[in-house]
Amino acid sequence: MASFSKILSKTDIKKRLTVPIKFLKSLPSFDGGHAVKFEARDEGGEIWAFQCSVRRRGHPKPVLTRGWKAFINSKKLKTGDKVSFIKCKNRATAKTSYRVRAENEIKIFGASIGHAPL
């Protein structure tokens with residue numbers, strides 16, 4: 001199971017989610033292109049369609065663009081919240097799927113003490 005988690009920054013909320021380069025090999029093949037579409041199921045069973053894009057030249061700098069804003073708006077995510085993507089493989093069918101999990105930041109007296117699932 002490949003995965004990554006990230007505490008969301010202002011840019012992640014306002015524009016796009018920067019994805020770790022290591023996670024690229026967990027995504028479907030780019031087939032020589034600069035973008036790939038994939039779906040991820042959230043904790044409530046809803047399917048979300050995302051697109052991961054990389055730069056055409058130089059350092060790839062992968063980002064989630066399409067589908068990302070709809071996801072964060074639906075979940076009411078804000079700076080400091082956390083998102084996780086997990087790649088899963090069904091042992092019986094060898095089919096690959098993805099899960100996405102959003103967690104709200106927990107603060108007490110203005111100090112962050114952790115994150116809680118939505």
# chains A, B, ... in the order shown; residues from 1 in each chain; ligands from 1
>>> residues_around(residues="range 87-103 of chain A", least_positions_apart="4", cutoff="10 Å", atoms="only C-alpha atoms", output="tab-separated table (two decimals) with C-alpha atoms, in the first residue's frame")
chain	number	residue	atom	x	y	z
A	1	MET	CA	0.00	0.00	0.00
A	2	ALA	CA	1.49	3.29	-1.09
A	3	SER	CA	0.22	6.41	0.60
A	4	PHE	CA	0.91	9.97	1.59
A	5	SER	CA	-0.54	12.42	4.10
A	6	LYS	CA	-0.24	16.16	4.10
A	7	ILE	CA	-1.16	19.07	6.35
A	23	PHE	CA	3.55	8.95	-4.88
A	26	SER	CA	1.63	4.68	-7.26
A	27	LEU	CA	-0.65	6.40	-9.77
A	28	PRO	CA	-1.84	4.96	-13.08
A	38	PHE	CA	-7.81	8.58	-11.14
A	39	GLU	CA	-10.68	8.06	-8.72
A	40	ALA	CA	-10.54	7.77	-4.94
A	41	ARG	CA	-13.23	6.67	-2.47
A	42	ASP	CA	-13.67	8.67	0.74
A	43	GLU	CA	-14.61	7.36	4.19
A	44	GLY	CA	-18.32	7.80	3.38
A	45	GLY	CA	-18.06	5.74	0.18
A	46	GLU	CA	-18.29	8.71	-2.20
A	47	ILE	CA	-16.13	8.49	-5.34
A	48	TRP	CA	-14.00	11.54	-6.21
A	71	PHE	CA	-13.30	17.82	-2.74
A	72	ILE	CA	-12.00	20.51	-0.36
A	75	LYS	CA	-15.38	18.63	3.03
A	76	LYS	CA	-15.04	22.28	4.13
A	77	LEU	CA	-11.28	21.84	4.53
A	80	GLY	CA	-4.03	23.13	8.86
A	81	ASP	CA	-6.42	20.27	8.07
A	82	LYS	CA	-4.96	16.98	6.84
A	83	VAL	CA	-5.58	14.84	3.74
A	114	GLY	CA	-3.91	16.75	16.30
A	115	HIS	CA	-6.44	15.81	13.62
A	116	ALA	CA	-9.82	14.05	13.67
A	117	PRO	CA	-11.53	12.22	10.79
A	118	LEU	CA	-14.56	13.95	9.28
>>> select_by_dssp(residues="chain A", states="helix (DSSP H, G or I)", output="CSV table (one decimal) with N, CA and C atoms, in the first residue's frame")
chain,number,residue,atom,x,y,z
A,10,LYS,N,-2.0,27.0,2.6
A,10,LYS,CA,-2.9,28.0,1.9
A,10,LYS,C,-3.0,27.7,0.4
A,11,THR,N,-1.8,27.4,-0.2
A,11,THR,CA,-1.8,27.1,-1.6
A,11,THR,C,-2.6,25.8,-1.9
A,12,ASP,N,-2.5,24.8,-1.1
A,12,ASP,CA,-3.3,23.6,-1.2
A,12,ASP,C,-4.8,23.9,-1.2
A,13,ILE,N,-5.2,24.8,-0.4
A,13,ILE,CA,-6.6,25.1,-0.3
A,13,ILE,C,-7.1,26.0,-1.4
A,14,LYS,N,-6.3,27.0,-1.8
A,14,LYS,CA,-6.7,28.0,-2.7
A,14,LYS,C,-6.6,27.6,-4.2
A,21,ILE,N,6.7,13.5,-4.9
A,21,ILE,CA,7.1,12.8,-6.2
A,21,ILE,C,7.1,11.3,-6.0
A,22,LYS,N,7.4,10.8,-4.8
A,22,LYS,CA,7.3,9.3,-4.5
A,22,LYS,C,6.0,8.7,-4.8
A,23,PHE,N,4.9,9.5,-4.7
A,23,PHE,CA,3.5,9.0,-4.9
A,23,PHE,C,3.2,8.8,-6.4
A,24,LEU,N,4.0,9.4,-7.2
A,24,LEU,CA,3.7,9.3,-8.7
A,24,LEU,C,3.7,7.9,-9.2
A,25,LYS,N,4.7,7.1,-8.7
A,25,LYS,CA,4.8,5.7,-9.2
A,25,LYS,C,3.6,4.9,-8.7
A,26,SER,N,2.8,5.4,-7.7
A,26,SER,CA,1.6,4.7,-7.3
A,26,SER,C,0.4,5.0,-8.1
A,68,TRP,N,-9.9,18.5,-7.2
A,68,TRP,CA,-9.4,18.9,-5.9
A,68,TRP,C,-10.2,19.9,-5.2
A,69,LYS,N,-10.6,21.0,-5.9
A,69,LYS,CA,-11.4,22.1,-5.3
A,69,LYS,C,-12.7,21.6,-4.9
A,70,ALA,N,-13.4,20.8,-5.7
A,70,ALA,CA,-14.7,20.2,-5.4
A,70,ALA,C,-14.6,19.4,-4.1
A,71,PHE,N,-13.5,18.6,-3.9
A,71,PHE,CA,-13.3,17.8,-2.7
A,71,PHE,C,-13.1,18.7,-1.5
A,72,ILE,N,-12.2,19.7,-1.6
A,72,ILE,CA,-12.0,20.5,-0.4
A,72,ILE,C,-13.2,21.4,0.0
A,73,ASN,N,-13.9,21.8,-1.0
A,73,ASN,CA,-15.2,22.6,-0.7
A,73,ASN,C,-16.2,21.7,-0.1
A,74,SER,N,-16.4,20.5,-0.6
A,74,SER,CA,-17.4,19.6,0.0
A,74,SER,C,-17.1,19.2,1.4
A,75,LYS,N,-15.8,19.0,1.7
A,75,LYS,CA,-15.4,18.6,3.0
A,75,LYS,C,-15.2,19.8,3.9
>>> atom_distance(atom1="CA of Phe30 in chain A", atom2="CA of Leu17 in chain A")
18.0 Å
>>> atom_distance(atom1="CA of Ile86 in chain A", atom2="CA of Cys52 in chain A")
14.5 Å
>>> atom_distance(atom1="CA of Arg66 in chain A", atom2="CA of Phe50 in chain A")
5.4 Å
>>> closest_residue(among="A:Ala49, A:Val54, A:Ala35, A:Thr79", to="Val19 in chain A", atoms="only C-alpha atoms")
A:Val54
>>> select_by_dssp(residues="chain A", states="strand (DSSP E or B)", output="JSON, numbers by chain")
{"A": [3, 4, 5, 6, 7, 17, 18, 35, 36, 37, 38, 39, 40, 41, 47, 48, 49, 50, 51, 52, 53, 63, 64, 82, 83, 84, 85, 86, 87, 88, 89, 96, 97, 98, 99, 100, 101, 102, 103, 104, 105, 106, 107, 108, 111, 112, 113, 114, 115, 116, 117]}
>>> residues_around(residues="Pro20 in chain A", least_positions_apart="5", cutoff="9 Å", atoms="only C-alpha atoms", output="NGL selection string")
:A and (4 or 61-63)
>>> closest_residue(among="A:Glu105, A:Gly110, A:Ser84, A:Gly32", to="Arg56 in chain A", atoms="only C-alpha atoms")
A:Gly32
